[in-house]
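K.L.:
My structure is in protein.cif, and what it holds is mmCIF, N, CA and C atoms:
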data_target
loop_
_atom_site.group_PDB
_atom_site.id
_atom_site.type_symbol
_atom_site.label_atom_id
_atom_site.label_comp_id
_atom_site.auth_asym_id
_atom_site.auth_seq_id
_atom_site.Cartn_x
_atom_site.Cartn_y
_atom_site.Cartn_z
ATOM 1 N N MET A 1 167.718 -1.538 3.270
ATOM 2 C CA MET A 1 168.215 -1.300 4.623
ATOM 3 C C MET A 1 167.084 -0.931 5.576
ATOM 4 N N GLY A 2 165.857 -0.822 5.052
ATOM 5 C CA GLY A 2 164.730 -0.496 5.914
ATOM 6 C C GLY A 2 164.711 0.937 6.394
ATOM 7 N N ILE A 3 165.279 1.857 5.621
ATOM 8 C CA ILE A 3 165.311 3.255 6.032
ATOM 9 C C ILE A 3 164.208 4.051 5.343
ATOM 10 N N VAL A 4 163.831 5.138 5.973
ATOM 11 C CA VAL A 4 162.846 6.060 5.410
ATOM 12 C C VAL A 4 163.572 7.355 5.105
ATOM 13 N N ILE A 5 163.379 7.859 3.899
ATOM 14 C CA ILE A 5 164.006 9.114 3.496
ATOM 15 C C ILE A 5 162.913 10.149 3.277
ATOM 16 N N LEU A 6 163.080 11.314 3.893
ATOM 17 C CA LEU A 6 162.154 12.430 3.717
ATOM 18 C C LEU A 6 162.960 13.671 3.358
ATOM 19 N N GLY A 7 162.470 14.426 2.405
ATOM 20 C CA GLY A 7 163.056 15.716 2.073
ATOM 21 C C GLY A 7 162.099 16.800 2.514
ATOM 22 N N VAL A 8 162.618 17.873 3.075
ATOM 23 C CA VAL A 8 161.779 18.962 3.569
ATOM 24 C C VAL A 8 162.272 20.283 2.992
ATOM 25 N N SER A 9 161.346 21.070 2.461
ATOM 26 C CA SER A 9 161.690 22.417 1.992
ATOM 27 C C SER A 9 160.439 23.291 2.044
ATOM 28 N N PRO A 10 160.610 24.608 1.923
ATOM 29 C CA PRO A 10 159.452 25.497 1.951
ATOM 30 C C PRO A 10 158.735 25.575 0.608
ATOM 31 N N ASP A 11 159.166 24.808 -0.375
ATOM 32 C CA ASP A 11 158.504 24.816 -1.679
ATOM 33 C C ASP A 11 157.095 24.239 -1.576
ATOM 34 N N THR A 12 156.264 24.538 -2.545
ATOM 35 C CA THR A 12 154.878 24.079 -2.534
ATOM 36 C C THR A 12 154.781 22.586 -2.866
ATOM 37 N N VAL A 13 153.658 22.000 -2.512
ATOM 38 C CA VAL A 13 153.390 20.603 -2.841
ATOM 39 C C VAL A 13 153.456 20.417 -4.358
ATOM 40 N N LYS A 14 152.896 21.360 -5.097
ATOM 41 C CA LYS A 14 152.903 21.283 -6.559
ATOM 42 C C LYS A 14 154.334 21.263 -7.102
ATOM 43 N N SER A 15 155.184 22.131 -6.585
ATOM 44 C CA SER A 15 156.566 22.162 -7.070
ATOM 45 C C SER A 15 157.316 20.890 -6.662
ATOM 46 N N HIS A 16 156.989 20.335 -5.492
ATOM 47 C CA HIS A 16 157.595 19.065 -5.074
ATOM 48 C C HIS A 16 157.220 17.941 -6.027
ATOM 49 N N ARG A 17 155.951 17.894 -6.410
ATOM 50 C CA ARG A 17 155.507 16.854 -7.360
ATOM 51 C C ARG A 17 156.309 16.936 -8.659
ATOM 52 N N SER A 18 156.445 18.142 -9.163
ATOM 53 C CA SER A 18 157.173 18.355 -10.408
ATOM 54 C C SER A 18 158.647 17.970 -10.250
ATOM 55 N N PHE A 19 159.289 18.411 -9.178
ATOM 56 C CA PHE A 19 160.701 18.132 -8.925
ATOM 57 C C PHE A 19 160.930 16.633 -8.760
ATOM 58 N N LYS A 20 160.055 15.983 -8.009
ATOM 59 C CA LYS A 20 160.182 14.547 -7.759
ATOM 60 C C LYS A 20 160.058 13.765 -9.063
ATOM 61 N N SER A 21 159.105 14.162 -9.878
ATOM 62 C CA SER A 21 158.908 13.498 -11.163
ATOM 63 C C SER A 21 160.093 13.732 -12.098
ATOM 64 N N LYS A 22 160.533 14.974 -12.197
ATOM 65 C CA LYS A 22 161.632 15.340 -13.097
ATOM 66 C C LYS A 22 162.908 14.571 -12.777
ATOM 67 N N HIS A 23 163.178 14.368 -11.471
ATOM 68 C CA HIS A 23 164.425 13.732 -11.049
ATOM 69 C C HIS A 23 164.241 12.276 -10.620
ATOM 70 N N SER A 24 163.030 11.731 -10.825
ATOM 71 C CA SER A 24 162.721 10.329 -10.473
ATOM 72 C C SER A 24 163.137 9.993 -9.039
ATOM 73 N N LEU A 25 162.776 10.854 -8.115
ATOM 74 C CA LEU A 25 163.152 10.636 -6.721
ATOM 75 C C LEU A 25 162.289 9.539 -6.100
ATOM 76 N N PRO A 26 162.919 8.595 -5.411
ATOM 77 C CA PRO A 26 162.164 7.484 -4.819
ATOM 78 C C PRO A 26 161.764 7.721 -3.362
ATOM 79 N N PHE A 27 161.695 8.979 -2.954
ATOM 80 C CA PHE A 27 161.338 9.278 -1.564
ATOM 81 C C PHE A 27 160.371 10.450 -1.506
ATOM 82 N N THR A 28 159.788 10.636 -0.331
ATOM 83 C CA THR A 28 158.767 11.654 -0.105
ATOM 84 C C THR A 28 159.389 13.024 0.136
ATOM 85 N N LEU A 29 158.799 14.036 -0.478
ATOM 86 C CA LEU A 29 159.185 15.426 -0.231
ATOM 87 C C LEU A 29 158.056 16.099 0.544
ATOM 88 N N LEU A 30 158.397 16.768 1.616
ATOM 89 C CA LEU A 30 157.411 17.433 2.459
ATOM 90 C C LEU A 30 157.513 18.940 2.292
ATOM 91 N N SER A 31 156.358 19.584 2.188
ATOM 92 C CA SER A 31 156.300 21.038 2.053
ATOM 93 C C SER A 31 156.158 21.667 3.436
ATOM 94 N N ASP A 32 157.086 22.540 3.764
ATOM 95 C CA ASP A 32 157.092 23.236 5.058
ATOM 96 C C ASP A 32 157.082 24.738 4.789
ATOM 97 N N LYS A 33 155.976 25.204 4.194
ATOM 98 C CA LYS A 33 155.882 26.605 3.776
ATOM 99 C C LYS A 33 156.128 27.588 4.916
ATOM 100 N N GLU A 34 155.711 27.235 6.112
ATOM 101 C CA GLU A 34 155.897 28.120 7.268
ATOM 102 C C GLU A 34 157.270 27.946 7.915
ATOM 103 N N LYS A 35 158.035 26.976 7.426
ATOM 104 C CA LYS A 35 159.413 26.718 7.878
ATOM 105 C C LYS A 35 159.506 26.265 9.339
ATOM 106 N N HIS A 36 158.451 25.677 9.865
ATOM 107 C CA HIS A 36 158.465 25.223 11.260
ATOM 108 C C HIS A 36 159.485 24.110 11.465
ATOM 109 N N VAL A 37 159.427 23.077 10.641
ATOM 110 C CA VAL A 37 160.337 21.939 10.772
ATOM 111 C C VAL A 37 161.766 22.366 10.464
ATOM 112 N N LEU A 38 161.937 23.139 9.389
ATOM 113 C CA LEU A 38 163.276 23.602 9.020
ATOM 114 C C LEU A 38 163.935 24.365 10.163
ATOM 115 N N LYS A 39 163.185 25.233 10.820
ATOM 116 C CA LYS A 39 163.737 26.015 11.933
ATOM 117 C C LYS A 39 164.025 25.131 13.147
ATOM 118 N N LEU A 40 163.134 24.182 13.435
ATOM 119 C CA LEU A 40 163.353 23.283 14.574
ATOM 120 C C LEU A 40 164.647 22.484 14.423
ATOM 121 N N TYR A 41 164.962 22.102 13.197
ATOM 122 C CA TYR A 41 166.166 21.313 12.941
ATOM 123 C C TYR A 41 167.385 22.181 12.616
ATOM 124 N N GLY A 42 167.216 23.484 12.642
ATOM 125 C CA GLY A 42 168.342 24.360 12.336
ATOM 126 C C GLY A 42 168.730 24.338 10.869
ATOM 127 N N ALA A 43 167.781 23.994 10.018
ATOM 128 C CA ALA A 43 168.043 23.880 8.582
ATOM 129 C C ALA A 43 167.527 25.093 7.805
ATOM 130 N N TRP A 44 167.209 26.159 8.511
ATOM 131 C CA TRP A 44 166.825 27.425 7.888
ATOM 132 C C TRP A 44 167.684 28.509 8.508
ATOM 133 N N GLY A 45 168.354 29.294 7.678
ATOM 134 C CA GLY A 45 169.196 30.332 8.248
ATOM 135 C C GLY A 45 169.886 31.169 7.193
ATOM 136 N N GLU A 46 170.866 31.931 7.646
ATOM 137 C CA GLU A 46 171.609 32.832 6.774
ATOM 138 C C GLU A 46 172.523 32.054 5.852
ATOM 139 N N LYS A 47 172.493 32.457 4.576
ATOM 140 C CA LYS A 47 173.367 31.854 3.577
ATOM 141 C C LYS A 47 174.162 32.958 2.909
ATOM 142 N N ASN A 48 175.378 32.629 2.522
ATOM 143 C CA ASN A 48 176.222 33.576 1.810
ATOM 144 C C ASN A 48 176.475 33.003 0.424
ATOM 145 N N ASN A 49 175.863 33.606 -0.575
ATOM 146 C CA ASN A 49 175.994 33.132 -1.946
ATOM 147 C C ASN A 49 176.717 34.189 -2.771
ATOM 148 N N PHE A 50 178.012 33.956 -3.005
ATOM 149 C CA PHE A 50 178.840 34.897 -3.758
ATOM 150 C C PHE A 50 178.780 36.302 -3.162
ATOM 151 N N GLY A 51 178.854 36.372 -1.821
ATOM 152 C CA GLY A 51 178.878 37.650 -1.130
ATOM 153 C C GLY A 51 177.515 38.227 -0.816
ATOM 154 N N LYS A 52 176.450 37.611 -1.318
ATOM 155 C CA LYS A 52 175.094 38.084 -1.041
ATOM 156 C C LYS A 52 174.505 37.251 0.100
ATOM 157 N N ILE A 53 174.139 37.934 1.188
ATOM 158 C CA ILE A 53 173.562 37.268 2.350
ATOM 159 C C ILE A 53 172.046 37.200 2.184
ATOM 160 N N SER A 54 171.492 36.005 2.382
ATOM 161 C CA SER A 54 170.041 35.824 2.309
ATOM 162 C C SER A 54 169.646 34.691 3.246
ATOM 163 N N MET A 55 168.362 34.568 3.492
ATOM 164 C CA MET A 55 167.841 33.471 4.303
ATOM 165 C C MET A 55 167.421 32.351 3.362
ATOM 166 N N GLY A 56 167.680 31.108 3.778
ATOM 167 C CA GLY A 56 167.297 29.988 2.930
ATOM 168 C C GLY A 56 167.525 28.665 3.625
ATOM 169 N N VAL A 57 167.262 27.607 2.888
ATOM 170 C CA VAL A 57 167.446 26.251 3.396
ATOM 171 C C VAL A 57 168.938 25.962 3.478
ATOM 172 N N LEU A 58 169.369 25.515 4.640
ATOM 173 C CA LEU A 58 170.748 25.081 4.841
ATOM 174 C C LEU A 58 170.744 23.572 4.606
ATOM 175 N N ARG A 59 171.290 23.154 3.490
ATOM 176 C CA ARG A 59 171.214 21.738 3.112
ATOM 177 C C ARG A 59 171.893 20.871 4.158
ATOM 178 N N THR A 60 171.065 20.128 4.855
ATOM 179 C CA THR A 60 171.511 19.329 5.983
ATOM 180 C C THR A 60 170.805 17.980 5.950
ATOM 181 N N THR A 61 171.543 16.933 6.289
ATOM 182 C CA THR A 61 170.955 15.599 6.416
ATOM 183 C C THR A 61 171.041 15.174 7.872
ATOM 184 N N TYR A 62 169.927 14.668 8.385
ATOM 185 C CA TYR A 62 169.879 14.125 9.736
ATOM 186 C C TYR A 62 169.574 12.643 9.623
ATOM 187 N N VAL A 63 170.416 11.817 10.226
ATOM 188 C CA VAL A 63 170.142 10.390 10.318
ATOM 189 C C VAL A 63 169.534 10.184 11.701
ATOM 190 N N ILE A 64 168.285 9.743 11.706
ATOM 191 C CA ILE A 64 167.535 9.585 12.953
ATOM 192 C C ILE A 64 167.269 8.102 13.173
ATOM 193 N N GLY A 65 167.635 7.617 14.352
ATOM 194 C CA GLY A 65 167.465 6.202 14.671
ATOM 195 C C GLY A 65 166.017 5.853 14.969
ATOM 196 N N PRO A 66 165.736 4.563 15.066
ATOM 197 C CA PRO A 66 164.372 4.089 15.348
ATOM 198 C C PRO A 66 163.797 4.640 16.647
ATOM 199 N N ASP A 67 164.686 5.028 17.580
ATOM 200 C CA ASP A 67 164.226 5.563 18.863
ATOM 201 C C ASP A 67 163.987 7.073 18.815
ATOM 202 N N GLY A 68 164.206 7.693 17.628
ATOM 203 C CA GLY A 68 163.974 9.118 17.472
ATOM 204 C C GLY A 68 165.188 9.993 17.774
ATOM 205 N N HIS A 69 166.281 9.403 18.188
ATOM 206 C CA HIS A 69 167.495 10.173 18.481
ATOM 207 C C HIS A 69 168.300 10.412 17.203
ATOM 208 N N ILE A 70 168.888 11.587 17.117
ATOM 209 C CA ILE A 70 169.725 11.921 15.962
ATOM 210 C C ILE A 70 171.057 11.204 16.116
ATOM 211 N N LEU A 71 171.398 10.386 15.107
ATOM 212 C CA LEU A 71 172.632 9.609 15.126
ATOM 213 C C LEU A 71 173.785 10.316 14.431
ATOM 214 N N GLN A 72 173.460 11.112 13.418
ATOM 215 C CA GLN A 72 174.492 11.763 12.622
ATOM 216 C C GLN A 72 173.903 12.989 11.941
ATOM 217 N N VAL A 73 174.706 14.031 11.816
ATOM 218 C CA VAL A 73 174.295 15.250 11.118
ATOM 219 C C VAL A 73 175.332 15.549 10.048
ATOM 220 N N TYR A 74 174.871 15.796 8.840
ATOM 221 C CA TYR A 74 175.733 16.211 7.733
ATOM 222 C C TYR A 74 175.300 17.613 7.345
ATOM 223 N N GLU A 75 176.207 18.574 7.450
ATOM 224 C CA GLU A 75 175.894 19.959 7.108
ATOM 225 C C GLU A 75 176.522 20.326 5.769
ATOM 226 N N LYS A 76 175.991 21.365 5.157
ATOM 227 C CA LYS A 76 176.494 21.859 3.865
ATOM 228 C C LYS A 76 176.570 20.730 2.843
ATOM 229 N N VAL A 77 175.485 19.980 2.761
ATOM 230 C CA VAL A 77 175.406 18.803 1.902
ATOM 231 C C VAL A 77 175.448 19.186 0.425
ATOM 232 N N ARG A 78 176.238 18.437 -0.317
ATOM 233 C CA ARG A 78 176.257 18.516 -1.779
ATOM 234 C C ARG A 78 175.779 17.165 -2.286
ATOM 235 N N ALA A 79 174.924 17.173 -3.284
ATOM 236 C CA ALA A 79 174.298 15.948 -3.760
ATOM 237 C C ALA A 79 175.318 14.911 -4.232
ATOM 238 N N ASP A 80 176.350 15.344 -4.906
ATOM 239 C CA ASP A 80 177.317 14.425 -5.494
ATOM 240 C C ASP A 80 178.031 13.600 -4.422
ATOM 241 N N GLY A 81 177.770 12.307 -4.377
ATOM 242 C CA GLY A 81 178.433 11.410 -3.445
ATOM 243 C C GLY A 81 177.834 11.342 -2.051
ATOM 244 N N HIS A 82 176.861 12.200 -1.765
ATOM 245 C CA HIS A 82 176.324 12.250 -0.400
ATOM 246 C C HIS A 82 175.559 10.988 -0.024
ATOM 247 N N SER A 83 174.761 10.465 -0.938
ATOM 248 C CA SER A 83 173.987 9.263 -0.612
ATOM 249 C C SER A 83 174.918 8.107 -0.252
ATOM 250 N N ARG A 84 176.035 7.970 -0.951
ATOM 251 C CA ARG A 84 177.014 6.912 -0.647
ATOM 252 C C ARG A 84 177.595 7.123 0.750
ATOM 253 N N GLU A 85 177.890 8.369 1.103
ATOM 254 C CA GLU A 85 178.427 8.677 2.429
ATOM 255 C C GLU A 85 177.452 8.249 3.527
ATOM 256 N N VAL A 86 176.176 8.545 3.345
ATOM 257 C CA VAL A 86 175.162 8.179 4.337
ATOM 258 C C VAL A 86 174.984 6.664 4.383
ATOM 259 N N LEU A 87 174.940 6.021 3.228
ATOM 260 C CA LEU A 87 174.799 4.562 3.201
ATOM 261 C C LEU A 87 175.988 3.880 3.871
ATOM 262 N N ASN A 88 177.187 4.399 3.678
ATOM 263 C CA ASN A 88 178.366 3.847 4.346
ATOM 264 C C ASN A 88 178.243 3.979 5.863
ATOM 265 N N PHE A 89 177.738 5.127 6.329
ATOM 266 C CA PHE A 89 177.521 5.325 7.765
ATOM 267 C C PHE A 89 176.525 4.291 8.301
ATOM 268 N N LEU A 90 175.423 4.107 7.579
ATOM 269 C CA LEU A 90 174.389 3.176 8.024
ATOM 270 C C LEU A 90 174.868 1.722 7.989
ATOM 271 N N ALA A 91 175.734 1.397 7.052
ATOM 272 C CA ALA A 91 176.210 0.016 6.903
ATOM 273 C C ALA A 91 177.044 -0.448 8.090
ATOM 274 N N VAL A 92 177.736 0.494 8.742
ATOM 275 C CA VAL A 92 178.585 0.115 9.867
ATOM 276 C C VAL A 92 177.846 0.162 11.211
ATOM 277 N N ARG A 93 176.600 0.563 11.203
ATOM 278 C CA ARG A 93 175.813 0.650 12.435
ATOM 279 C C ARG A 93 175.192 -0.664 12.763
#
Is it possible to express this structure as structure tokens?

P.N.:
Amino acid sequence: MGIVILGVSPDTVKSHRSFKSKHSLPFTLLSDKEKHVLKLYGAWGEKNNFGKISMGVLRTTYVIGPDGHILQVYEKVRADGHSREVLNFLAVR
């Protein structure tokens, strides 16, 4: 489909290499240790995990068009079935 997929997290480059290899990911993972990109996209914030409030990555997918505009936002992403949901969105565009 000619799309580019990027993953962003505050994890280290070394941990990204290991994670990418372990899960055979076919896309680039970017390390944002200072959380600049995550904060700009609103993907860093308060999380509630079983009643414990902490700061962390808010799993979010942004579909960005060739012109740089955000076409679709998926919040509270769960891996199971998500790629199909995004591909279905892209197929009708």

K.L.:
Would you place a box with edges along x, y and z of the file around all atoms of range 30-39 of chain A listed there, add 6 Å to each of its six sides, and report the centre and edge lengths in Å to one decimal, as lines of an AutoDock Vina configuration file?

P.N.:
center_x = 159.9
center_y = 22.4
center_z = 7.4
size_x = 20.3
size_y = 23.4
size_z = 23.5

K.L.:
To one decimal in Å, tell me the separation between CA of Leu38 in chain A and atom N of Pro10 in chain A.

P.N.:
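So the two atoms, CA of Leu38 in chain A and atom N of Pro10 in chain A, lie 7.6 Å apart.
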
K.L.:
Given the point (167.8, 5.3, 11.6) in the file's coordinates, find the residues that have an atom at most 12 Å from it, counting only C-alpha atoms, and give them as a PyMOL selection string.

P.N.:
chain A and resi 1-5+61-73+86-87+89-91+93

K.L.:
Tell me, which residues of chain A carry DSSP strand (DSSP E), written as an MDAnalysis selection string?

P.N.:
chainID A and resid 6:9 28:31 44:49 52:57 60:64 70:75

K.L.:
Could you tell me how far atom C of Phe50 in chain A lies from CA of Phe19 in chain A, in Å and to one decimal?

P.N.:
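Rounded to one decimal, the two atoms are 26.3 Å apart.
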
K.L.:
What is the atom C of Asp80 in chain A to atom C of Glu46 in chain A distance in Å?

P.N.:
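Atom C of Glu46 in chain A lies at a distance of 21.8 Å from atom C of Asp80 in chain A.
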
K.L.:
Quick one: apply the PyMOL selection byres ((chain A and resi 44) around 6.5) to the file and drop the selected residues here as an MDAnalysis selection string.

P.N.:
chainID A and resid 38:39 41:43 45:46 55:58

K.L.:
On this file, the PyMOL selection byres ((chain A and resi 13) around 8) gives some set of residues; write that set as a list of chain:residue names.

P.N.:
A:Pro10, A:Asp11, A:Thr12, A:Lys14, A:Ser15, A:His16, A:Arg17, A:Ser18, A:Phe19, A:Leu29, A:Leu30, A:Ser31, A:Asp32, A:Lys33

K.L.:
Kindly export the residues of the current selection with N, CA and C atoms, as an mmCIF file, in the frame of the given file.

P.N.:
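Below you can see out13.cif, which holds the result:
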data_model
loop_
_atom_site.group_PDB
_atom_site.id
_atom_site.type_symbol
_atom_site.label_atom_id
_atom_site.label_comp_id
_atom_site.auth_asym_id
_atom_site.auth_seq_id
_atom_site.Cartn_x
_atom_site.Cartn_y
_atom_site.Cartn_z
ATOM 1 N N PRO A 10 160.610 24.608 1.923
ATOM 2 C CA PRO A 10 159.452 25.497 1.951
ATOM 3 C C PRO A 10 158.735 25.575 0.608
ATOM 4 N N ASP A 11 159.166 24.808 -0.375
ATOM 5 C CA ASP A 11 158.504 24.816 -1.679
ATOM 6 C C ASP A 11 157.095 24.239 -1.576
ATOM 7 N N THR A 12 156.264 24.538 -2.545
ATOM 8 C CA THR A 12 154.878 24.079 -2.534
ATOM 9 C C THR A 12 154.781 22.586 -2.866
ATOM 10 N N LYS A 14 152.896 21.360 -5.097
ATOM 11 C CA LYS A 14 152.903 21.283 -6.559
ATOM 12 C C LYS A 14 154.334 21.263 -7.102
ATOM 13 N N SER A 15 155.184 22.131 -6.585
ATOM 14 C CA SER A 15 156.566 22.162 -7.070
ATOM 15 C C SER A 15 157.316 20.890 -6.662
ATOM 16 N N HIS A 16 156.989 20.335 -5.492
ATOM 17 C CA HIS A 16 157.595 19.065 -5.074
ATOM 18 C C HIS A 16 157.220 17.941 -6.027
ATOM 19 N N ARG A 17 155.951 17.894 -6.410
ATOM 20 C CA ARG A 17 155.507 16.854 -7.360
ATOM 21 C C ARG A 17 156.309 16.936 -8.659
ATOM 22 N N SER A 18 156.445 18.142 -9.163
ATOM 23 C CA SER A 18 157.173 18.355 -10.408
ATOM 24 C C SER A 18 158.647 17.970 -10.250
ATOM 25 N N PHE A 19 159.289 18.411 -9.178
ATOM 26 C CA PHE A 19 160.701 18.132 -8.925
ATOM 27 C C PHE A 19 160.930 16.633 -8.760
ATOM 28 N N LEU A 29 158.799 14.036 -0.478
ATOM 29 C CA LEU A 29 159.185 15.426 -0.231
ATOM 30 C C LEU A 29 158.056 16.099 0.544
ATOM 31 N N LEU A 30 158.397 16.768 1.616
ATOM 32 C CA LEU A 30 157.411 17.433 2.459
ATOM 33 C C LEU A 30 157.513 18.940 2.292
ATOM 34 N N SER A 31 156.358 19.584 2.188
ATOM 35 C CA SER A 31 156.300 21.038 2.053
ATOM 36 C C SER A 31 156.158 21.667 3.436
ATOM 37 N N ASP A 32 157.086 22.540 3.764
ATOM 38 C CA ASP A 32 157.092 23.236 5.058
ATOM 39 C C ASP A 32 157.082 24.738 4.789
ATOM 40 N N LYS A 33 155.976 25.204 4.194
ATOM 41 C CA LYS A 33 155.882 26.605 3.776
ATOM 42 C C LYS A 33 156.128 27.588 4.916
#

K.L.:
Chain A: which residues are alpha helix (DSSP H) by DSSP, as a list in words?

P.N.:
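Listing alpha helix (DSSP H) positions across chain A yields Val13, Lys14, Ser15, His16, Arg17, Ser18, Phe19, Lys20, Ser21, Lys22, His36, Val37, Leu38, Lys39, Leu40, His82, Ser83, Arg84, Glu85, Val86, Leu87, Asn88, Phe89, Leu90 and Ala91 of chain A.
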
K.L.:
Report as a count of residues only all protein, DNA and RNA residues lying within 6 Å of Arg59 in chain A, evaluated on all atoms listed in the file, omitting residues in the same chain fewer than 3 positions from it.

P.N.:
4

K.L.:
Return the single residue from A:Asn88, A:Phe27, A:Glu34, A:Ser54 that is closest to Gly7 in chain A, with distances computed using all atoms listed in the file.

P.N.:
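Looking only at the distances to Gly7 in chain A, the closest residue turns out to be A:Phe27.
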
K.L.:
Export range 66-89 of chain A, C-alpha atoms, as a PDB file, in the first residue's frame; it's the structure right above.

P.N.:
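And here is the file that came out, part-v2.pdb:
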ATOM      1  CA  PRO A  66       1.205  12.320   2.366  1.00  0.00           C
ATOM      2  CA  ASP A  67       0.509  16.016   3.006  1.00  0.00           C
ATOM      3  CA  GLY A  68       1.373  15.642   6.714  1.00  0.00           C
ATOM      4  CA  HIS A  69      -2.207  15.991   7.975  1.00  0.00           C
ATOM      5  CA  ILE A  70      -3.554  13.513  10.508  1.00  0.00           C
ATOM      6  CA  LEU A  71      -6.287  11.456   8.836  1.00  0.00           C
ATOM      7  CA  GLN A  72      -7.254   9.180  11.710  1.00  0.00           C
ATOM      8  CA  VAL A  73      -6.419   8.670  15.384  1.00  0.00           C
ATOM      9  CA  TYR A  74      -6.829   5.379  17.241  1.00  0.00           C
ATOM     10  CA  GLU A  75      -6.554   5.670  21.023  1.00  0.00           C
ATOM     11  CA  LYS A  76      -6.131   2.946  23.647  1.00  0.00           C
ATOM     12  CA  VAL A  77      -4.775   0.620  20.977  1.00  0.00           C
ATOM     13  CA  ARG A  78      -4.630  -3.112  21.615  1.00  0.00           C
ATOM     14  CA  ALA A  79      -2.397  -5.124  19.307  1.00  0.00           C
ATOM     15  CA  ASP A  80      -4.942  -7.858  18.608  1.00  0.00           C
ATOM     16  CA  GLY A  81      -6.773  -6.945  15.392  1.00  0.00           C
ATOM     17  CA  HIS A  82      -5.502  -3.368  15.264  1.00  0.00           C
ATOM     18  CA  SER A  83      -3.408  -3.730  12.114  1.00  0.00           C
ATOM     19  CA  ARG A  84      -6.473  -5.075  10.246  1.00  0.00           C
ATOM     20  CA  GLU A  85      -8.529  -2.099  11.467  1.00  0.00           C
ATOM     21  CA  VAL A  86      -5.936   0.363  10.140  1.00  0.00           C
ATOM     22  CA  LEU A  87      -5.537  -1.500   6.843  1.00  0.00           C
ATOM     23  CA  ASN A  88      -9.321  -1.467   6.370  1.00  0.00           C
ATOM     24  CA  PHE A  89      -9.319   2.309   6.942  1.00  0.00           C
TER      25      PHE A  89
END
